[in-house]
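Written out below as structure tokens is the structure these notes cover.
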Amino acid sequence: MVNFTNVKNVLVLAPHTDDGELGAGGFINKLCETGKNVYYLAFSTAEESVPKGFPKDILKYELAKATNILGIPKENLIVKNYQVRKLNYNRQEILEDLITLRNNMKFDLILIPSIRDIHQDHMTIANEGIRAFKNTNILSYELVWNNFSFDCNCFIELSKSNLDKKIESLKCYKSQGFRNYLSPEFIKSLAITRGVQSGYQFAEVFEIVRIYG
């Protein structure tokens, strides 16, 4: 069992707004509830992908509401404005952003997308996250629609309250309501599935990238 008792500062790396909540929203809420200092860094507000009828910067405000529900203080939310689907063009700038953050704060745990995630933006953040924080505990979160393979080797038990907060936070993304993976039914069913696999009622699963004893 991975022990997170001594973890104090956690950094969630989200290529786009909502990725962190989708992959690790329950765990984020659990960490916040237990007094951990959680930071959330989103690299793109995906303005080019916002549906007609919504302000182009709507995702920035939806993200602020969603992370607040999970328990992340507003001062711990960092939002960049890299262009969606083109993060790989800015790989060096992203790495420098991460190194600056690393030099200003000691993090005990980093949450990243899977390095086997097929989305180019997700892959970029995963790889640069590992480069910047190679001497830190790192877990990859699950985004099943992008993961053709994923090592389910770290299960985190969620309470019903953790799961409810995750679902509530994702409801903040009104502009993304057309996406089927945001539906409460899907989020709950996946938590139940991971719970069945691990012997819990509800769970999220992560892939261990690096853990220090």
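By order in the structure tokens, chains are A, B, ...; within a chain, residues start at 1; ligands start at 1, following the order shown.
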Hey, which bits of range 65-106 of chain A sit within 10 Å of range 156-174 of chain A, and for each residue what's the closest pair of atoms and how far apart in Å (one decimal), counting only C-alpha atoms, rows by chain and increasing number, as a tab-separated table?
residue	atom	partner	partner_atom	distance
A:Lys65	CA	A:Cys172	CA	6.5
A:Ala66	CA	A:Ser169	CA	4.2
A:Thr67	CA	A:Ser169	CA	6.8
A:Asn68	CA	A:Ser169	CA	8.1
A:Ile69	CA	A:Ser169	CA	5.7
A:Leu70	CA	A:Lys165	CA	6.1
A:Gly71	CA	A:Lys165	CA	9.2
Serialized selection, C-alpha atoms, as an mmCIF file, in the first residue's frame:
data_model
loop_
_atom_site.group_PDB
_atom_site.id
_atom_site.type_symbol
_atom_site.label_atom_id
_atom_site.label_comp_id
_atom_site.auth_asym_id
_atom_site.auth_seq_id
_atom_site.Cartn_x
_atom_site.Cartn_y
_atom_site.Cartn_z
ATOM 1 C CA LYS A 65 -15.501 26.961 -9.549
ATOM 2 C CA ALA A 66 -14.670 23.282 -10.019
ATOM 3 C CA THR A 67 -11.386 23.354 -8.111
ATOM 4 C CA ASN A 68 -12.941 25.408 -5.323
ATOM 5 C CA ILE A 69 -15.551 22.679 -4.835
ATOM 6 C CA LEU A 70 -12.762 20.108 -4.516
ATOM 7 C CA GLY A 71 -11.146 22.216 -1.801
#
_Using only C-alpha atoms, which protein or nucleic acid residues come within 6 Å of range 18-24 of chain A? Drop anything in the same chain fewer than 2 positions from it, and give the result as a PyMOL selection string._
chain A and resi 14+16+26-28+141-143
6 Å contact set for range 42-58 of chain A, only C-alpha atoms, chain neighbours under 5 positions out, as a list of chain:residue names
A:Ala14, A:Pro15, A:His16, A:Thr17, A:Val79, A:Lys80, A:Asn81, A:Tyr82, A:Val84
N, CA and C atoms of the current selection, written as a PDB file, in the first residue's frame:
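Output file selection_10.pdb follows:
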ATOM      1  N   ALA A  14      -2.544  19.610 -15.263  1.00  0.00           N
ATOM      2  CA  ALA A  14      -3.675  19.374 -16.157  1.00  0.00           C
ATOM      3  C   ALA A  14      -3.397  20.034 -17.504  1.00  0.00           C
ATOM      4  N   PRO A  15      -3.275  19.270 -18.572  1.00  0.00           N
ATOM      5  CA  PRO A  15      -3.064  19.876 -19.886  1.00  0.00           C
ATOM      6  C   PRO A  15      -4.144  20.904 -20.212  1.00  0.00           C
ATOM      7  N   HIS A  16      -5.394  20.527 -19.928  1.00  0.00           N
ATOM      8  CA  HIS A  16      -6.534  21.406 -20.170  1.00  0.00           C
ATOM      9  C   HIS A  16      -7.373  21.502 -18.902  1.00  0.00           C
ATOM     10  N   THR A  17      -8.147  22.551 -18.795  1.00  0.00           N
ATOM     11  CA  THR A  17      -9.106  22.644 -17.707  1.00  0.00           C
ATOM     12  C   THR A  17      -9.994  21.408 -17.747  1.00  0.00           C
ATOM     13  N   VAL A  79      -3.180  29.151 -13.969  1.00  0.00           N
ATOM     14  CA  VAL A  79      -3.746  28.917 -15.297  1.00  0.00           C
ATOM     15  C   VAL A  79      -2.868  29.571 -16.358  1.00  0.00           C
ATOM     16  N   LYS A  80      -2.375  28.756 -17.277  1.00  0.00           N
ATOM     17  CA  LYS A  80      -1.612  29.247 -18.420  1.00  0.00           C
ATOM     18  C   LYS A  80      -2.540  29.337 -19.626  1.00  0.00           C
ATOM     19  N   ASN A  81      -2.042  29.921 -20.698  1.00  0.00           N
ATOM     20  CA  ASN A  81      -2.888  30.123 -21.873  1.00  0.00           C
ATOM     21  C   ASN A  81      -2.215  29.605 -23.142  1.00  0.00           C
ATOM     22  N   TYR A  82      -1.596  28.427 -23.033  1.00  0.00           N
ATOM     23  CA  TYR A  82      -1.029  27.809 -24.228  1.00  0.00           C
ATOM     24  C   TYR A  82      -2.158  27.345 -25.153  1.00  0.00           C
ATOM     25  N   VAL A  84      -4.479  25.137 -27.333  1.00  0.00           N
ATOM     26  CA  VAL A  84      -4.912  23.744 -27.272  1.00  0.00           C
ATOM     27  C   VAL A  84      -4.424  22.969 -28.495  1.00  0.00           C
TER      28      VAL A  84
END
Contact check, range 26-87 of chain A to range 120-137 of chain A, at most 7 Å, counting only C-alpha atoms, closest pairs as a Markdown table:
| residue | atom | partner | partner_atom | distance |
| --- | --- | --- | --- | --- |
| A:Arg85 | CA | A:Asp121 | CA | 5.6 |
| A:Lys86 | CA | A:Asp121 | CA | 6.7 |
| A:Leu87 | CA | A:Asp121 | CA | 5.3 |
Keeping C-alpha atoms for every residue in the selection just given, could you write it to a file as a short mmCIF file (atom, residue, chain, number, x, y, z; two decimals), in the first residue's frame?
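Below is the file that was written, out.cif:
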data_model
loop_
_atom_site.label_atom_id
_atom_site.label_comp_id
_atom_site.auth_asym_id
_atom_site.auth_seq_id
_atom_site.Cartn_x
_atom_site.Cartn_y
_atom_site.Cartn_z
CA ARG A 85 -3.56 20.77 -29.28
CA LYS A 86 -0.25 22.60 -29.73
CA LEU A 87 1.42 22.17 -26.33
#
Exercise. Closest to Gly25 in chain A among A:Ile187, A:Arg194, A:Leu95, A:Asp117, using only C-alpha atoms?
Worked result: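 Closest residue, counting only C-alpha atoms: A:Ile187.
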